[in-house]
Amino acid sequence: MNILFLNSVPVHVFGGIEYWTGMVARGLLSRGHSVTIAGRPGSEYLRRNRNVHPNLRIIELPVSGDFNPVTIAALRRIYRKSHIDVVIANFNKDIRLGGIAARLTGDVKVVWRAGLDQTKNNLVHRLLTPRLLDGVITPSYRLKQQIVASGYIPESLITPIHTGLPDCDQRLDQPSARQMLRKKYQLPDDALVIVTSGRFVDQKGHVYLATAIPGIVRECPNAYFLWLGDGPLEAALKTRLQESGCRDRVVFAGLLESFDLELQGADMMVHPSIEEPFGIVLLEGMRAGLPIVASRVGGIPEVVAEGETAMLVPPHEPVSLQDAILALLSDPDRRATMGAAGRERWRSCFRYDVMLDNLESKLKQIVASGDQVASSRSRRIQ
């Protein structure tokens, strides 16, 4: 197959779907498919994925407007020149631009790989989106339910495929990783490190963890927090921590190229999201052998095993978050048991090759047949 990933993510943003794209592109290329990634010129998304595989094709595509005829014409040229069989789109903008170009071209299928529920209750979405899609892939069954609830994307069009991860690029023994991490960030040798990874946006719930930190530090004086990522709320979070007297307890590590050390050298992971369709970072935490405290929202209960690999708490509740974190910090045996169970759950339930098998099979089905979807679309138009 000739596959095009289309993602108009802003130039400075690199998140889970962008990471997933590079990971999947590498796997599909290794299986003999042709893969192209298209995104905004100068974007972090394209920069980070340039070296994913020597045969990966990168295209800088200026994007402005959901119906821009120049962008649509450019996509049609790409489809024809690269003999594209299927486009995997990210945002609604990508569905519209890529979908219109595909319909005008005539033989290109369009799949929405939904990272979030982006359905909207307006006429454009209800009339146009179903007619531009040949399939939808979600990372969780929970997200499928949310999209079906929109009322205009048929359930038969949506296939949940859980994300899978390969093993870490570098596997370190725990004592070495702990020592290296504390030296890198100048933390005390006896520091208990709680790692959180995600963009500093409302969705990820950092503000609730920031609210819980003073109480955690009072009860556990050697607790330190390592926050990985960046985003628009970073300055506000730093101010909040400064006002609570806990700024020195939180390390803002930034958007790292690799954070294997940060995960393998930590003691536990906290993920306080208020909305999370899946949560690749939870897989990364389990793969590293970390016990997890997370919100009971979205697809998170599908990823972790509550009580075995993670403690789940209600979203928006700093006190519940604080209590769960302190319970694990005070029980090293439980942390070790949950961490080992998490790594085993990643190994048995979220394997990289299984994800690729399922995705490859679904894309082949859409490309090869598509007859049922096409006839369904024709009936809806009539």
# chains A, B, ... in the order shown; residues from 1 in each chain; ligands from 1
$ residues_around --residues "region 341-348 of chain A" --least-positions-apart "2" --cutoff "12 Å" --atoms "only C-alpha atoms" --output "PyMOL selection string"
chain A and resi 162-168+264+268-269+280-293+302-311+334-339+350-354
$ residues_around --residues "Ile100 (chain A)" --least-positions-apart "5" --cutoff "12 Å" --atoms "only C-alpha atoms" --output "PyMOL selection string"
chain A and resi 66-69+71-76+79+87+92-95+105-110+128-133
$ residues_around --residues "region 194-211 of chain A" --least-positions-apart "2" --cutoff "9 Å" --atoms "only C-alpha atoms" --output "number ranges by chain"
A: 13-16, 192, 213-215, 223-234, 237, 240-241, 244, 246, 255, 262-263, 266-276, 281, 315-319, 321-322, 325
$ residues_around --residues "region 359-369 of chain A" --least-positions-apart "3" --cutoff "8 Å" --atoms "only C-alpha atoms" --output "list in words"
Met1, Leu28, Asp85, Val86, Lys109, Asp134, Gly135, Ile161, Met355, Leu356 and Gln372 of chain A
$ residues_around --residues "region 38-52 of chain A" --least-positions-apart "5" --cutoff "6 Å" --atoms "only C-alpha atoms" --output "list in words"
Leu6, Asn7, Ser8, Val11, His12, Phe14, Gly22, Ile59, Glu60, Leu61 and Pro62 of chain A
$ write_last_selection --atoms "N, CA, C and O atoms" --output "PDB file, in the first residue's frame"
ATOM      1  N   LEU A   6      -1.650  12.601   7.064  1.00  0.00           N
ATOM      2  CA  LEU A   6      -1.895  14.035   6.904  1.00  0.00           C
ATOM      3  C   LEU A   6      -2.247  14.630   8.254  1.00  0.00           C
ATOM      4  O   LEU A   6      -3.244  14.251   8.875  1.00  0.00           O
ATOM      5  N   ASN A   7      -1.418  15.586   8.725  1.00  0.00           N
ATOM      6  CA  ASN A   7      -1.613  16.154  10.051  1.00  0.00           C
ATOM      7  C   ASN A   7      -1.212  17.631  10.035  1.00  0.00           C
ATOM      8  O   ASN A   7      -0.033  17.963   9.866  1.00  0.00           O
ATOM      9  N   SER A   8      -2.176  18.530  10.217  1.00  0.00           N
ATOM     10  CA  SER A   8      -1.916  19.966  10.186  1.00  0.00           C
ATOM     11  C   SER A   8      -1.687  20.529  11.589  1.00  0.00           C
ATOM     12  O   SER A   8      -2.022  21.678  11.870  1.00  0.00           O
ATOM     13  N   VAL A  11       2.895  24.246  14.396  1.00  0.00           N
ATOM     14  CA  VAL A  11       4.318  23.975  14.185  1.00  0.00           C
ATOM     15  C   VAL A  11       5.071  23.614  15.459  1.00  0.00           C
ATOM     16  O   VAL A  11       6.049  22.857  15.410  1.00  0.00           O
ATOM     17  N   HIS A  12       4.674  24.141  16.625  1.00  0.00           N
ATOM     18  CA  HIS A  12       5.436  23.902  17.850  1.00  0.00           C
ATOM     19  C   HIS A  12       4.896  22.739  18.681  1.00  0.00           C
ATOM     20  O   HIS A  12       5.422  22.470  19.762  1.00  0.00           O
ATOM     21  N   PHE A  14       4.044  18.797  19.514  1.00  0.00           N
ATOM     22  CA  PHE A  14       4.362  17.397  19.250  1.00  0.00           C
ATOM     23  C   PHE A  14       3.780  16.595  20.404  1.00  0.00           C
ATOM     24  O   PHE A  14       4.226  16.707  21.551  1.00  0.00           O
ATOM     25  N   GLY A  22       4.900   8.512  13.734  1.00  0.00           N
ATOM     26  CA  GLY A  22       6.270   8.095  13.420  1.00  0.00           C
ATOM     27  C   GLY A  22       6.515   6.635  13.735  1.00  0.00           C
ATOM     28  O   GLY A  22       7.164   5.918  12.963  1.00  0.00           O
ATOM     29  N   ILE A  59       6.762  15.562   3.378  1.00  0.00           N
ATOM     30  CA  ILE A  59       6.281  16.637   2.506  1.00  0.00           C
ATOM     31  C   ILE A  59       5.820  17.806   3.365  1.00  0.00           C
ATOM     32  O   ILE A  59       4.995  17.635   4.283  1.00  0.00           O
ATOM     33  N   GLU A  60       6.355  18.988   3.091  1.00  0.00           N
ATOM     34  CA  GLU A  60       5.883  20.205   3.745  1.00  0.00           C
ATOM     35  C   GLU A  60       4.689  20.744   2.965  1.00  0.00           C
ATOM     36  O   GLU A  60       4.798  21.019   1.771  1.00  0.00           O
ATOM     37  N   LEU A  61       3.567  20.879   3.660  1.00  0.00           N
ATOM     38  CA  LEU A  61       2.322  21.252   2.997  1.00  0.00           C
ATOM     39  C   LEU A  61       1.728  22.482   3.681  1.00  0.00           C
ATOM     40  O   LEU A  61       1.180  22.372   4.784  1.00  0.00           O
ATOM     41  N   PRO A  62       1.822  23.656   3.080  1.00  0.00           N
ATOM     42  CA  PRO A  62       1.185  24.844   3.667  1.00  0.00           C
ATOM     43  C   PRO A  62      -0.323  24.627   3.775  1.00  0.00           C
ATOM     44  O   PRO A  62      -0.964  24.204   2.819  1.00  0.00           O
TER      45      PRO A  62
END
$ select_by_dssp --residues "region 86-148 of chain A" --states "strand (DSSP E)" --output "list in words"
Val86, Val87, Ile88, Ala89, Lys109, Val110, Val111, Trp112, Arg113, Gly135, Val136, Ile137 and Thr138 of chain A
$ write_last_selection --atoms "C-alpha atoms" --output "compact mmCIF listing (two decimals), in the first residue's frame"
# COMPACT_ATOMS: atom_id res chain seq x y z
CA VAL A 86 -5.12 5.62 1.65
CA VAL A 87 -4.87 8.87 3.61
CA ILE A 88 -4.78 8.75 7.41
CA ALA A 89 -6.04 12.13 8.66
CA LYS A 109 -9.56 6.14 0.62
CA VAL A 110 -9.65 8.36 3.70
CA VAL A 111 -9.33 7.14 7.29
CA TRP A 112 -9.64 9.30 10.38
CA ARG A 113 -7.27 8.16 13.12
CA GLY A 135 -13.09 4.42 7.99
CA VAL A 136 -12.35 5.63 11.50
CA ILE A 137 -9.72 4.13 13.80
CA THR A 138 -9.83 4.85 17.53
$ atom_distance --atom1 "CA of Asp189 (chain A)" --atom2 "CA of Pro175 (chain A)"
11.2 Å
$ select_by_dssp --residues "region 53-199 of chain A" --states "alpha helix (DSSP H)" --output "PyMOL selection string"
chain A and resi 69-82+92-105+123-132+141-148+174-184
$ atom_distance --atom1 "CA of Val148 (chain A)" --atom2 "CA of Arg103 (chain A)"
23.5 Å
$ atom_distance --atom1 "CA of Asn55 (chain A)" --atom2 "CA of Ser30 (chain A)"
9.4 Å
$ closest_residue --among "A:Ile300, A:Leu187, A:Leu172, A:Ala235" --to "Asp248 (chain A)" --atoms "only C-alpha atoms"
A:Leu187
$ closest_residue --among "A:Leu328, A:Ala236, A:Ala114, A:Val124" --to "Leu143 (chain A)" --atoms "only C-alpha atoms"
A:Ala114
